[in-house]
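Note: the block below is coords19.csv and it holds CSV, C-alpha atoms.
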```csv
chain,number,residue,atom,x,y,z
A,1,MET,CA,8.5,3.3,10.7
A,2,SER,CA,6.7,2.4,7.5
A,3,ILE,CA,3.1,2.8,6.3
A,4,GLU,CA,1.7,0.0,4.2
A,5,GLY,CA,-1.5,-1.0,2.4
A,6,ILE,CA,-2.9,-1.8,-0.9
A,7,ASN,CA,-3.2,0.7,-3.8
A,8,GLY,CA,-6.1,3.1,-3.1
A,9,VAL,CA,-6.2,2.7,0.7
A,10,GLY,CA,-4.9,6.2,1.4
A,11,LYS,CA,-1.4,5.3,2.5
A,12,THR,CA,0.5,8.0,0.7
A,13,SER,CA,-2.0,10.7,1.8
A,14,ALA,CA,-1.6,9.5,5.4
A,15,ALA,CA,2.2,9.3,5.2
A,16,ARG,CA,2.5,12.9,3.8
A,17,ALA,CA,0.0,14.3,6.3
A,18,THR,CA,1.8,12.7,9.2
A,19,ALA,CA,5.3,13.9,8.0
A,20,ALA,CA,3.8,17.4,7.7
A,21,ALA,CA,2.2,17.3,11.2
A,22,LEU,CA,5.4,16.1,12.8
A,23,GLY,CA,7.5,18.8,11.2
A,24,PRO,CA,11.3,19.0,10.7
A,25,GLY,CA,11.9,16.2,13.1
A,26,CYS,CA,10.4,13.8,10.6
A,27,LEU,CA,11.9,12.5,7.4
A,28,LEU,CA,9.5,11.1,4.8
A,29,LEU,CA,10.9,8.6,2.3
A,30,ASP,CA,8.6,8.6,-0.7
A,31,GLU,CA,7.3,5.5,-2.4
A,32,LEU,CA,9.8,4.2,-5.0
A,33,THR,CA,7.4,5.1,-7.8
A,34,ASP,CA,7.2,8.7,-6.5
A,35,ILE,CA,11.0,9.4,-6.2
A,36,HIS,CA,12.0,12.2,-8.6
A,37,ASP,CA,15.3,13.5,-7.2
A,38,ASP,CA,17.3,10.3,-7.5
A,39,VAL,CA,18.3,9.1,-11.0
A,40,LEU,CA,18.8,5.4,-10.4
A,41,PRO,CA,15.4,4.5,-8.8
A,42,GLY,CA,13.7,6.6,-11.5
A,43,ARG,CA,15.4,4.6,-14.2
A,44,VAL,CA,14.6,1.3,-12.7
A,45,ILE,CA,10.9,2.1,-12.1
A,46,THR,CA,10.7,3.5,-15.6
A,47,ALA,CA,12.0,0.2,-17.0
A,48,LEU,CA,9.6,-1.8,-14.8
A,49,ASN,CA,6.7,0.4,-15.9
A,50,GLN,CA,7.5,0.2,-19.6
A,51,SER,CA,4.5,-2.1,-20.3
A,52,GLY,CA,2.1,0.2,-18.4
A,53,ASP,CA,1.0,-2.7,-16.1
A,54,PRO,CA,-0.4,-1.3,-12.8
A,55,PHE,CA,1.7,-3.9,-10.8
A,56,LEU,CA,5.0,-3.3,-12.8
A,57,ARG,CA,4.7,-6.8,-14.4
A,58,ASN,CA,6.8,-7.3,-17.5
A,59,GLY,CA,6.9,-11.1,-17.5
A,60,TYR,CA,10.1,-11.5,-15.5
A,61,PRO,CA,8.9,-11.6,-11.9
A,62,VAL,CA,12.1,-12.9,-10.3
A,63,VAL,CA,14.2,-10.2,-11.9
A,64,GLU,CA,11.6,-7.5,-11.0
A,65,THR,CA,11.6,-8.7,-7.4
A,66,LEU,CA,15.4,-8.5,-7.2
A,67,ALA,CA,15.4,-5.0,-8.7
A,68,LEU,CA,12.8,-3.7,-6.2
A,69,LEU,CA,14.7,-5.3,-3.3
A,70,ALA,CA,17.9,-3.7,-4.5
A,71,LEU,CA,16.3,-0.3,-4.4
A,72,GLN,CA,15.1,-0.9,-0.8
A,73,VAL,CA,18.7,-1.8,0.2
A,74,ARG,CA,20.0,1.3,-1.6
A,75,LYS,CA,17.5,3.5,0.3
A,76,ALA,CA,18.8,2.2,3.6
A,77,GLU,CA,22.5,2.6,2.5
A,78,ILE,CA,21.9,6.2,1.6
A,79,LEU,CA,20.3,6.9,5.0
A,80,ALA,CA,23.1,5.2,6.8
A,81,ASN,CA,25.6,7.5,5.3
A,82,GLU,CA,23.7,10.7,6.2
A,83,PRO,CA,23.8,12.5,9.5
A,84,ALA,CA,21.1,11.3,11.9
A,85,SER,CA,19.1,14.6,12.1
A,86,ALA,CA,15.5,13.2,12.1
A,87,GLU,CA,13.8,11.9,15.2
A,88,VAL,CA,11.6,9.6,13.1
A,89,ILE,CA,11.8,8.3,9.6
A,90,ILE,CA,8.6,7.3,7.8
A,91,GLU,CA,8.7,5.1,4.7
A,92,ASP,CA,5.8,5.3,2.3
A,93,ARG,CA,6.0,1.6,1.5
A,94,GLY,CA,9.1,-0.4,2.6
A,95,VAL,CA,10.3,-3.9,2.4
A,96,ASP,CA,6.9,-5.3,3.2
A,97,SER,CA,5.4,-3.9,0.0
A,98,VAL,CA,8.0,-5.7,-2.1
A,99,ALA,CA,7.4,-8.9,-0.2
A,100,VAL,CA,3.6,-9.1,-0.5
A,101,TYR,CA,3.2,-7.6,-4.0
A,102,GLN,CA,6.0,-9.7,-5.5
A,103,ALA,CA,4.8,-12.9,-3.7
A,104,ALA,CA,1.4,-12.3,-5.3
A,105,VAL,CA,2.9,-11.7,-8.7
A,106,LEU,CA,5.2,-14.7,-8.5
A,107,CYS,CA,2.5,-17.0,-7.4
A,108,PHE,CA,-0.2,-15.6,-9.7
A,109,PRO,CA,1.6,-14.2,-12.8
A,110,GLU,CA,-1.7,-14.2,-14.7
A,111,PRO,CA,-4.3,-14.3,-11.9
A,112,PRO,CA,-7.7,-15.6,-13.0
A,113,SER,CA,-10.8,-13.5,-12.3
A,114,SER,CA,-12.6,-16.3,-10.5
A,115,PRO,CA,-13.5,-15.6,-6.8
A,116,ALA,CA,-11.2,-18.4,-5.6
A,117,PRO,CA,-8.3,-18.8,-8.0
A,118,ALA,CA,-6.3,-22.0,-7.7
A,119,GLN,CA,-2.7,-21.2,-6.9
A,120,PRO,CA,0.2,-23.0,-8.7
A,121,HIS,CA,1.1,-26.2,-6.9
A,122,ASP,CA,4.7,-25.1,-6.5
A,123,CYS,CA,4.1,-21.6,-5.1
A,124,ALA,CA,2.6,-20.8,-1.7
A,125,PRO,CA,2.1,-17.0,-1.4
A,126,GLU,CA,2.6,-16.8,2.4
A,127,SER,CA,5.8,-18.8,2.2
A,128,THR,CA,7.0,-16.8,-0.7
A,129,THR,CA,6.3,-13.6,1.2
A,130,ARG,CA,8.4,-14.8,4.1
A,131,ALA,CA,11.2,-16.0,1.8
A,132,ILE,CA,11.4,-12.5,0.2
A,133,LEU,CA,11.6,-10.8,3.6
A,134,SER,CA,14.2,-13.3,4.8
A,135,SER,CA,16.4,-12.6,1.7
A,136,ILE,CA,16.6,-8.9,2.5
A,137,ARG,CA,16.8,-9.1,6.3
A,138,GLY,CA,20.6,-9.3,6.4
A,139,TRP,CA,21.0,-6.3,4.0
A,140,ARG,CA,19.0,-3.6,5.7
A,141,PRO,CA,17.1,-3.0,9.0
A,142,PHE,CA,13.4,-3.5,9.1
A,143,PRO,CA,11.1,-0.8,10.5
A,144,ASP,CA,10.5,-0.9,14.2
A,145,LEU,CA,6.9,-0.1,13.5
A,146,THR,CA,4.8,-0.9,10.5
A,147,ILE,CA,1.3,0.6,10.2
A,148,LEU,CA,-1.0,-1.3,7.9
A,149,LEU,CA,-4.1,0.5,6.6
A,150,THR,CA,-6.9,-1.9,5.6
A,151,ASP,CA,-10.1,-1.3,3.7
A,152,ASP,CA,-12.3,-3.1,1.2
A,153,PRO,CA,-10.1,-4.1,-1.7
A,154,THR,CA,-12.9,-3.5,-4.2
A,155,VAL,CA,-13.3,0.1,-3.0
A,156,CYS,CA,-9.5,0.6,-3.0
A,157,GLY,CA,-9.3,-0.8,-6.5
A,158,ARG,CA,-11.8,1.7,-7.8
A,159,ARG,CA,-9.9,4.5,-6.2
A,160,PHE,CA,-6.6,3.2,-7.7
A,161,ALA,CA,-8.2,2.9,-11.1
A,162,ASP,CA,-9.5,6.5,-10.9
A,163,ARG,CA,-6.0,7.7,-10.0
A,164,ILE,CA,-4.3,5.9,-12.9
A,165,HIS,CA,-7.1,6.9,-15.3
A,166,ARG,CA,-7.7,3.3,-16.4
A,167,PRO,CA,-10.0,0.5,-15.2
A,168,LEU,CA,-8.5,-2.5,-13.5
A,169,SER,CA,-9.2,-5.8,-15.2
A,170,PRO,CA,-11.0,-8.6,-13.2
A,171,ALA,CA,-7.6,-10.3,-12.9
A,172,ASP,CA,-6.0,-7.1,-11.6
A,173,THR,CA,-8.8,-6.7,-9.0
A,174,GLN,CA,-8.4,-10.3,-7.9
A,175,LEU,CA,-4.6,-9.8,-7.5
A,176,LEU,CA,-5.3,-6.7,-5.3
A,177,VAL,CA,-7.6,-8.9,-3.1
A,178,GLU,CA,-4.7,-11.5,-2.8
A,179,ILE,CA,-2.2,-8.7,-1.9
A,180,ASP,CA,-4.6,-7.5,0.8
A,181,ARG,CA,-4.9,-11.0,2.2
A,182,LEU,CA,-1.1,-11.4,2.2
A,183,TYR,CA,-0.7,-8.1,4.1
A,184,ARG,CA,-3.1,-9.2,6.7
A,185,ALA,CA,-1.4,-12.6,7.1
A,186,LEU,CA,2.0,-10.9,7.5
A,187,ALA,CA,0.6,-8.6,10.1
A,188,ALA,CA,-0.8,-11.6,12.0
A,189,ASP,CA,2.6,-13.4,11.8
A,190,GLU,CA,4.5,-10.3,13.1
A,191,PRO,CA,2.3,-8.8,15.8
A,192,GLU,CA,5.3,-7.3,17.5
A,193,ARG,CA,6.0,-5.1,14.5
A,194,TYR,CA,2.7,-4.4,13.0
A,195,VAL,CA,-0.2,-2.1,13.9
A,196,VAL,CA,-3.3,-2.6,11.8
A,197,LEU,CA,-5.7,0.3,11.3
A,198,ASP,CA,-9.0,-0.5,9.7
A,199,VAL,CA,-10.0,2.6,7.8
A,200,THR,CA,-13.0,1.3,6.1
A,201,GLY,CA,-15.6,4.0,5.5
A,202,THR,CA,-13.4,6.8,6.9
A,203,SER,CA,-12.2,9.9,5.2
A,204,LEU,CA,-8.6,10.4,4.1
A,205,LEU,CA,-8.4,13.1,6.9
A,206,ASP,CA,-9.6,10.7,9.6
A,207,SER,CA,-7.2,8.0,8.3
A,208,ALA,CA,-4.3,10.4,8.4
A,209,GLU,CA,-5.2,11.5,11.9
A,210,ALA,CA,-5.3,7.9,13.1
A,211,VAL,CA,-1.8,7.3,11.7
A,212,GLN,CA,-0.5,10.5,13.3
A,213,GLU,CA,-2.0,9.4,16.7
A,214,THR,CA,-0.3,6.0,16.3
A,215,VAL,CA,3.1,7.5,15.5
A,216,ARG,CA,2.9,10.1,18.3
A,217,ALA,CA,2.0,7.4,20.8
A,218,ARG,CA,5.0,5.3,19.6
A,219,LEU,CA,7.3,8.3,19.9
A,220,GLN,CA,6.0,9.1,23.4
A,221,ARG,CA,6.7,5.5,24.4
A,222,ARG,CA,10.1,5.6,22.9
A,223,HIS,CA,11.0,8.7,25.0
A,224,GLN,CA,9.7,7.1,28.1
A,225,HIS,CA,11.3,3.7,27.5
A,226,PRO,CA,14.3,4.1,25.1
A,227,GLN,CA,15.1,1.1,23.0
A,228,PRO,CA,18.4,0.1,21.4
A,229,ASP,CA,19.0,1.6,18.0
A,230,PRO,CA,17.1,-0.6,15.5
A,231,THR,CA,19.8,0.1,12.9
A,232,ASP,CA,22.5,-1.4,15.1
A,233,GLN,CA,22.3,-5.1,14.2
A,234,THR,CA,25.7,-6.1,15.5
A,235,ASP,CA,24.6,-8.2,18.3
A,236,GLN,CA,21.0,-9.0,17.5
A,237,PRO,CA,20.4,-8.7,13.8
A,238,ASP,CA,16.9,-10.2,13.7
A,239,ARG,CA,15.4,-8.9,17.0
A,240,PRO,CA,12.5,-6.6,16.4
A,241,VAL,CA,11.6,-3.8,18.8
A,242,HIS,CA,8.8,-5.2,21.0
A,243,THR,CA,6.0,-2.7,21.7
A,244,GLY,CA,3.5,-4.4,24.0
A,245,HIS,CA,0.1,-2.8,24.5
A,246,GLY,CA,-0.9,0.8,24.9
A,247,HIS,CA,-3.1,3.3,23.2
A,248,PRO,CA,-5.8,1.6,20.9
A,249,HIS,CA,-4.1,3.2,17.9
A,250,ASP,CA,-0.7,1.9,19.0
A,251,ARG,CA,-1.6,-1.8,19.1
A,252,ALA,CA,1.1,-4.3,18.4
A,253,ASP,CA,-0.8,-7.5,19.4
A,254,GLY,CA,-1.9,-8.6,16.0
A,255,GLN,CA,-5.4,-7.1,16.5
A,256,VAL,CA,-7.1,-4.5,14.4
A,257,ALA,CA,-7.8,-1.0,15.7
A,258,ARG,CA,-11.0,0.2,14.1
A,259,VAL,CA,-10.8,3.9,13.0
A,260,SER,CA,-14.1,5.7,13.4
```

Give the structure from the file, written as structure tokens.
Amino acid sequence: MSIEGINGVGKTSAARATAAALGPGCLLLDELTDIHDDVLPGRVITALNQSGDPFLRNGYPVVETLALLALQVRKAEILANEPASAEVIIEDRGVDSVAVYQAAVLCFPEPPSSPAPAQPHDCAPESTTRAILSSIRGWRPFPDLTILLTDDPTVCGRRFADRIHRPLSPADTQLLVEIDRLYRALAADEPERYVVLDVTGTSLLDSAEAVQETVRARLQRRHQHPQPDPTDQTDQPDRPVHTGHGHPHDRADGQVARVS
């Protein structure tokens, strides 16, 4: 499973609280920028962060995209070589983050601050998102469940700026709006994999509890109706785990569950 969302939406807090609530049967994979016990990812992220840009932009978006994708593949390879001791693995950001963030950066390398920026004629963000995901699909399994937290991008941007102790420029704020739009479009395109939780106006605690409820509902369903191992792609490499309908916080029908 992965937990996704734009900067400042409360994704990492929800992921860590969920892992703690589930206990030793849950393995939490930290966001790439938060990994401190693995030398290679740390070096790559340090290199990408050398300019201090909040979106790891250094002027080479294609190279940066490939580097981030490689780290996502490496994460899966390390897991594949370790004993399967965890009942559930939660990624704080996975392949979807690379796809939507880098699609936005590739299509808007210097996004304007106007409310409706004109995109380059040769770059469609939605198609670029799908192309990035397609490029990695043969190299690592996708999460069987992706929980997308959504909130007002302007509010999230302010939280993000407070966390990094620097204001976001109008262009950065507009890029965050575009990333939010791409996340929502991806969730609408892949309703069998995505659960969208609208956490607008909720506390971090309530958001985390909604994520925990969603994960527990999925685990209960998995126990009642076991699915083939999603990491086994020998016969059906591109087939996602279909989830159908269930608890309002376990939706996989492309609709948004409002957290209140």

- request: State, in Å with one decimal place, the distance from CA of Gly5 (chain A) to CA of Leu149 (chain A).
  value: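 Straight-line distance from CA of Gly5 (chain A) to CA of Leu149 (chain A) works out to 5.2 Å.
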
query: Between A:Thr18, A:Asn58, A:Thr33, A:Asn7, which one has atoms that come closest to Arg216 (chain A), using all atoms listed in the file?
result: A:Thr18

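For Ser2 (chain A), the set of protein, DNA and RNA residues having any atom at most 8 Å away, when counting only C-alpha atoms and skipping those fewer than 3 positions along the same chain, is Ile90, Glu91, Asp92, Arg93, Gly94, Pro143, Leu145, Thr146 and Ile147 of chain A.
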
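Separating CA of Met1 (chain A) from CA of Asp151 (chain A) is a distance of 20.4 Å.
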
query: Any idea what the distance is between CA of Leu205 (chain A) and CA of Ala185 (chain A)?
result: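 A separation of 26.6 Å between them.
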
Residue nearest Lys75 (chain A) among A:Glu31, A:Asp198, A:Asp206, A:Glu4 (counting all atoms listed in the file):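 That would be A:Glu31, the residue with the smallest distance to Lys75 (chain A).
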
message: For a quick check of understanding, using all atoms listed in the file, which of A:Leu176, A:Val256, A:Leu71, A:Leu219 has the smallest distance to Thr200 (chain A)?
response: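 Closest to Thr200 (chain A), using all atoms listed in the file: A:Val256.
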
- prompt: Which residue out of A:Cys26, A:Ala217, A:Leu68, A:Ile179 has the minimum interatomic distance to Val195 (chain A) when only C-alpha atoms are used?
  reply: A:Ala217

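At a cut-off of 10 Å from (-5.6, -7.5, -3.3), the residue set is Gly5, Ile6, Asn7, Val100, Tyr101, Ala104, Asp152, Pro153, Thr154, Cys156, Gly157, Asp172, Thr173, Gln174, Leu175, Leu176, Val177, Glu178, Ile179, Asp180, Arg181, Leu182 and Tyr183 of chain A (counting only C-alpha atoms).
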
message: Taking (2.4, -18.5, 2.6) in the coordinates of the supplied file, I want to know which residues reach to within 10 Å of it, counting all atoms listed in the file; could you give the answer as a list in words?
response: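 The requested residues, written out, are Val100, Ala103, Cys123, Ala124, Pro125, Glu126, Ser127, Thr128, Thr129, Arg130, Ala131, Leu182, Ala185 and Leu186 of chain A.
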
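Nearest to Ser169 (chain A) of all the residues A:Gly42, A:Pro191, A:Pro54, A:Gly8 is A:Pro54, counting only C-alpha atoms.
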
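Using only C-alpha atoms, the smallest distance between any of A:Glu82, A:Glu77, A:Asp189, A:Asp162 and Trp139 (chain A) comes from A:Glu77.
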